[in-house]
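Data block for model_2.pdb (PDB, C-alpha atoms):
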ATOM      1  CA  MET A   1       0.000   0.000   0.000  1.00  0.00           C
ATOM      2  CA  ALA A   2       1.272   3.471  -0.864  1.00  0.00           C
ATOM      3  CA  GLU A   3      -0.143   6.757   0.363  1.00  0.00           C
ATOM      4  CA  VAL A   4       0.083   9.766  -1.930  1.00  0.00           C
ATOM      5  CA  ARG A   5       0.297  12.982   0.086  1.00  0.00           C
ATOM      6  CA  ALA A   6       0.372  16.671  -0.793  1.00  0.00           C
ATOM      7  CA  GLU A   7       3.798  18.289  -0.800  1.00  0.00           C
ATOM      8  CA  MET A   8       2.436  21.835  -0.557  1.00  0.00           C
ATOM      9  CA  VAL A   9      -0.663  23.939  -0.025  1.00  0.00           C
ATOM     10  CA  ALA A  10      -2.511  24.052  -3.360  1.00  0.00           C
ATOM     11  CA  ASN A  11      -5.835  23.899  -5.152  1.00  0.00           C
ATOM     12  CA  VAL A  12      -6.889  20.645  -6.816  1.00  0.00           C
ATOM     13  CA  TRP A  13      -7.227  21.789 -10.417  1.00  0.00           C
ATOM     14  CA  LYS A  14      -7.889  18.507 -12.220  1.00  0.00           C
ATOM     15  CA  VAL A  15      -8.469  14.910 -11.078  1.00  0.00           C
ATOM     16  CA  LEU A  16      -7.295  12.434 -13.735  1.00  0.00           C
ATOM     17  CA  VAL A  17      -8.054   9.133 -11.961  1.00  0.00           C
ATOM     18  CA  ALA A  18     -10.976   7.561 -10.120  1.00  0.00           C
ATOM     19  CA  GLN A  19     -11.269   5.016  -7.349  1.00  0.00           C
ATOM     20  CA  GLY A  20     -10.759   1.563  -8.867  1.00  0.00           C
ATOM     21  CA  ASP A  21      -8.442   2.768 -11.651  1.00  0.00           C
ATOM     22  CA  THR A  22      -5.215   0.848 -12.263  1.00  0.00           C
ATOM     23  CA  VAL A  23      -2.147   3.109 -12.334  1.00  0.00           C
ATOM     24  CA  GLU A  24       1.533   2.608 -13.056  1.00  0.00           C
ATOM     25  CA  ASP A  25       4.604   4.244 -11.575  1.00  0.00           C
ATOM     26  CA  GLY A  26       4.931   7.620 -13.313  1.00  0.00           C
ATOM     27  CA  ASP A  27       1.228   8.133 -14.124  1.00  0.00           C
ATOM     28  CA  THR A  28      -0.225  11.562 -13.301  1.00  0.00           C
ATOM     29  CA  LEU A  29      -3.004  11.243 -10.715  1.00  0.00           C
ATOM     30  CA  ILE A  30      -4.074  14.847 -10.241  1.00  0.00           C
ATOM     31  CA  ILE A  31      -2.897  18.314 -11.192  1.00  0.00           C
ATOM     32  CA  LEU A  32      -2.531  20.926  -8.481  1.00  0.00           C
ATOM     33  CA  GLU A  33      -2.488  24.684  -9.000  1.00  0.00           C
ATOM     34  CA  SER A  34      -0.407  26.923  -6.791  1.00  0.00           C
ATOM     35  CA  MET A  35       0.735  30.476  -7.541  1.00  0.00           C
ATOM     36  CA  LYS A  36      -0.547  30.078 -11.131  1.00  0.00           C
ATOM     37  CA  MET A  37       1.691  27.034 -11.697  1.00  0.00           C
ATOM     38  CA  GLU A  38       0.379  23.578 -12.542  1.00  0.00           C
ATOM     39  CA  ILE A  39       1.979  20.831 -10.472  1.00  0.00           C
ATOM     40  CA  PRO A  40       1.346  17.182 -11.424  1.00  0.00           C
ATOM     41  CA  VAL A  41       1.062  14.607  -8.642  1.00  0.00           C
ATOM     42  CA  ILE A  42       2.678  11.409  -9.901  1.00  0.00           C
ATOM     43  CA  ALA A  43       2.105   7.797  -8.817  1.00  0.00           C
ATOM     44  CA  GLU A  44       5.271   6.298  -7.340  1.00  0.00           C
ATOM     45  CA  ASP A  45       3.946   2.721  -7.365  1.00  0.00           C
ATOM     46  CA  ASP A  46       1.960   0.412  -9.640  1.00  0.00           C
ATOM     47  CA  GLY A  47      -1.444  -0.627  -8.332  1.00  0.00           C
ATOM     48  CA  VAL A  48      -5.117   0.222  -7.993  1.00  0.00           C
ATOM     49  CA  ILE A  49      -6.528   3.454  -6.550  1.00  0.00           C
ATOM     50  CA  THR A  50      -8.364   2.156  -3.462  1.00  0.00           C
ATOM     51  CA  GLU A  51      -9.095   5.579  -1.983  1.00  0.00           C
ATOM     52  CA  LEU A  52      -9.308   9.004  -3.614  1.00  0.00           C
ATOM     53  CA  LYS A  53      -9.585  11.747  -1.007  1.00  0.00           C
ATOM     54  CA  VAL A  54      -9.750  14.902  -3.144  1.00  0.00           C
ATOM     55  CA  ALA A  55     -12.081  16.481  -5.682  1.00  0.00           C
ATOM     56  CA  GLU A  56     -11.600  19.262  -8.204  1.00  0.00           C
ATOM     57  CA  GLY A  57     -11.761  22.622  -6.459  1.00  0.00           C
ATOM     58  CA  ASP A  58     -10.558  21.330  -3.071  1.00  0.00           C
ATOM     59  CA  VAL A  59      -7.855  23.245  -1.224  1.00  0.00           C
ATOM     60  CA  ILE A  60      -5.310  20.883   0.285  1.00  0.00           C
ATOM     61  CA  GLN A  61      -2.641  21.435   2.888  1.00  0.00           C
ATOM     62  CA  GLU A  62       0.893  20.074   2.988  1.00  0.00           C
ATOM     63  CA  GLY A  63       0.758  16.459   4.183  1.00  0.00           C
ATOM     64  CA  ASP A  64      -2.919  15.894   3.315  1.00  0.00           C
ATOM     65  CA  LEU A  65      -3.774  12.435   1.998  1.00  0.00           C
ATOM     66  CA  ILE A  66      -4.601  12.556  -1.728  1.00  0.00           C
ATOM     67  CA  ALA A  67      -4.942   8.882  -2.625  1.00  0.00           C
ATOM     68  CA  VAL A  68      -4.087   5.339  -1.572  1.00  0.00           C
ATOM     69  CA  ILE A  69      -2.626   2.891  -4.108  1.00  0.00           C
ATOM     70  CA  ASP A  70      -2.795  -0.829  -3.306  1.00  0.00           C
TER      71      ASP A  70
END

Would you mind writing the structure in this file as structure tokens?
Amino acid sequence: MAEVRAEMVANVWKVLVAQGDTVEDGDTLIILESMKMEIPVIAEDDGVITELKVAEGDVIQEGDLIAVID
């Protein structure tokens, strides 16, 4: 199991995966927006998204759980 966590305070601009999706190491899960920059959040493990904790428009804080990959 791998937890994907936010590395900074940002807005969730676009969610590219859904719960149940299969992802591979290097896939983009979501795109964050901070200070007018787009920051991709990348999967660091292969697996299935078992939990997706964010939605487009959410504001997340550093350390917040974004997704769980099993």

(request) Name the closest residue to Thr22 of chain A among the candidates A:Ala55, A:Ile60, A:Val68, A:Met35; distances are taken between atoms, counting only C-alpha atoms. (result)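 Closest candidate: A:Val68.
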
(request) Can you pull out every residue within 6 Å of segment 2-17 of chain A, counting all atoms listed in the file, but drop anything in the same chain fewer than 5 positions away, and send it as a ChimeraX atom specification? (result) /A:29-34,56-69

(message) So that I can see what lies close to Ala43 of chain A, please list as a list in words the residues with an atom at most 7 Å from it, counting only C-alpha atoms and leaving out residues fewer than 4 positions away in the same chain.
(response) Glu24, Asp25, Gly26, Asp27, Thr28 and Leu29 of chain A

Next, write the just-selected residues to a file, as an mmCIF file, in the frame of the given file, keeping C-alpha atoms as the atom set.
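Result saved to part_35.cif:
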data_model
loop_
_atom_site.group_PDB
_atom_site.id
_atom_site.type_symbol
_atom_site.label_atom_id
_atom_site.label_comp_id
_atom_site.auth_asym_id
_atom_site.auth_seq_id
_atom_site.Cartn_x
_atom_site.Cartn_y
_atom_site.Cartn_z
ATOM 1 C CA GLU A 24 1.533 2.608 -13.056
ATOM 2 C CA ASP A 25 4.604 4.244 -11.575
ATOM 3 C CA GLY A 26 4.931 7.620 -13.313
ATOM 4 C CA ASP A 27 1.228 8.133 -14.124
ATOM 5 C CA THR A 28 -0.225 11.562 -13.301
ATOM 6 C CA LEU A 29 -3.004 11.243 -10.715
#

(message) Can you tell me which residues surround Asp21 of chain A at a distance of at most 9 Å, considering all atoms listed in the file, apart from same-chain residues fewer than 5 positions away, and format the answer as an NGL selection string?
(response) :A and (47-50)

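Atom to atom, atom CA of Met37 of chain A and atom CA of Val23 of chain A stand 24.2 Å apart.
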
Axis-aligned box for all listed atoms of segment 43-54 of chain A, 6 Å per side, centre and edges in Å to one decimal, as JSON:
{"center_x": -2.2, "center_y": 7.1, "center_z": -5.3, "size_x": 27.0, "size_y": 27.5, "size_z": 20.6}
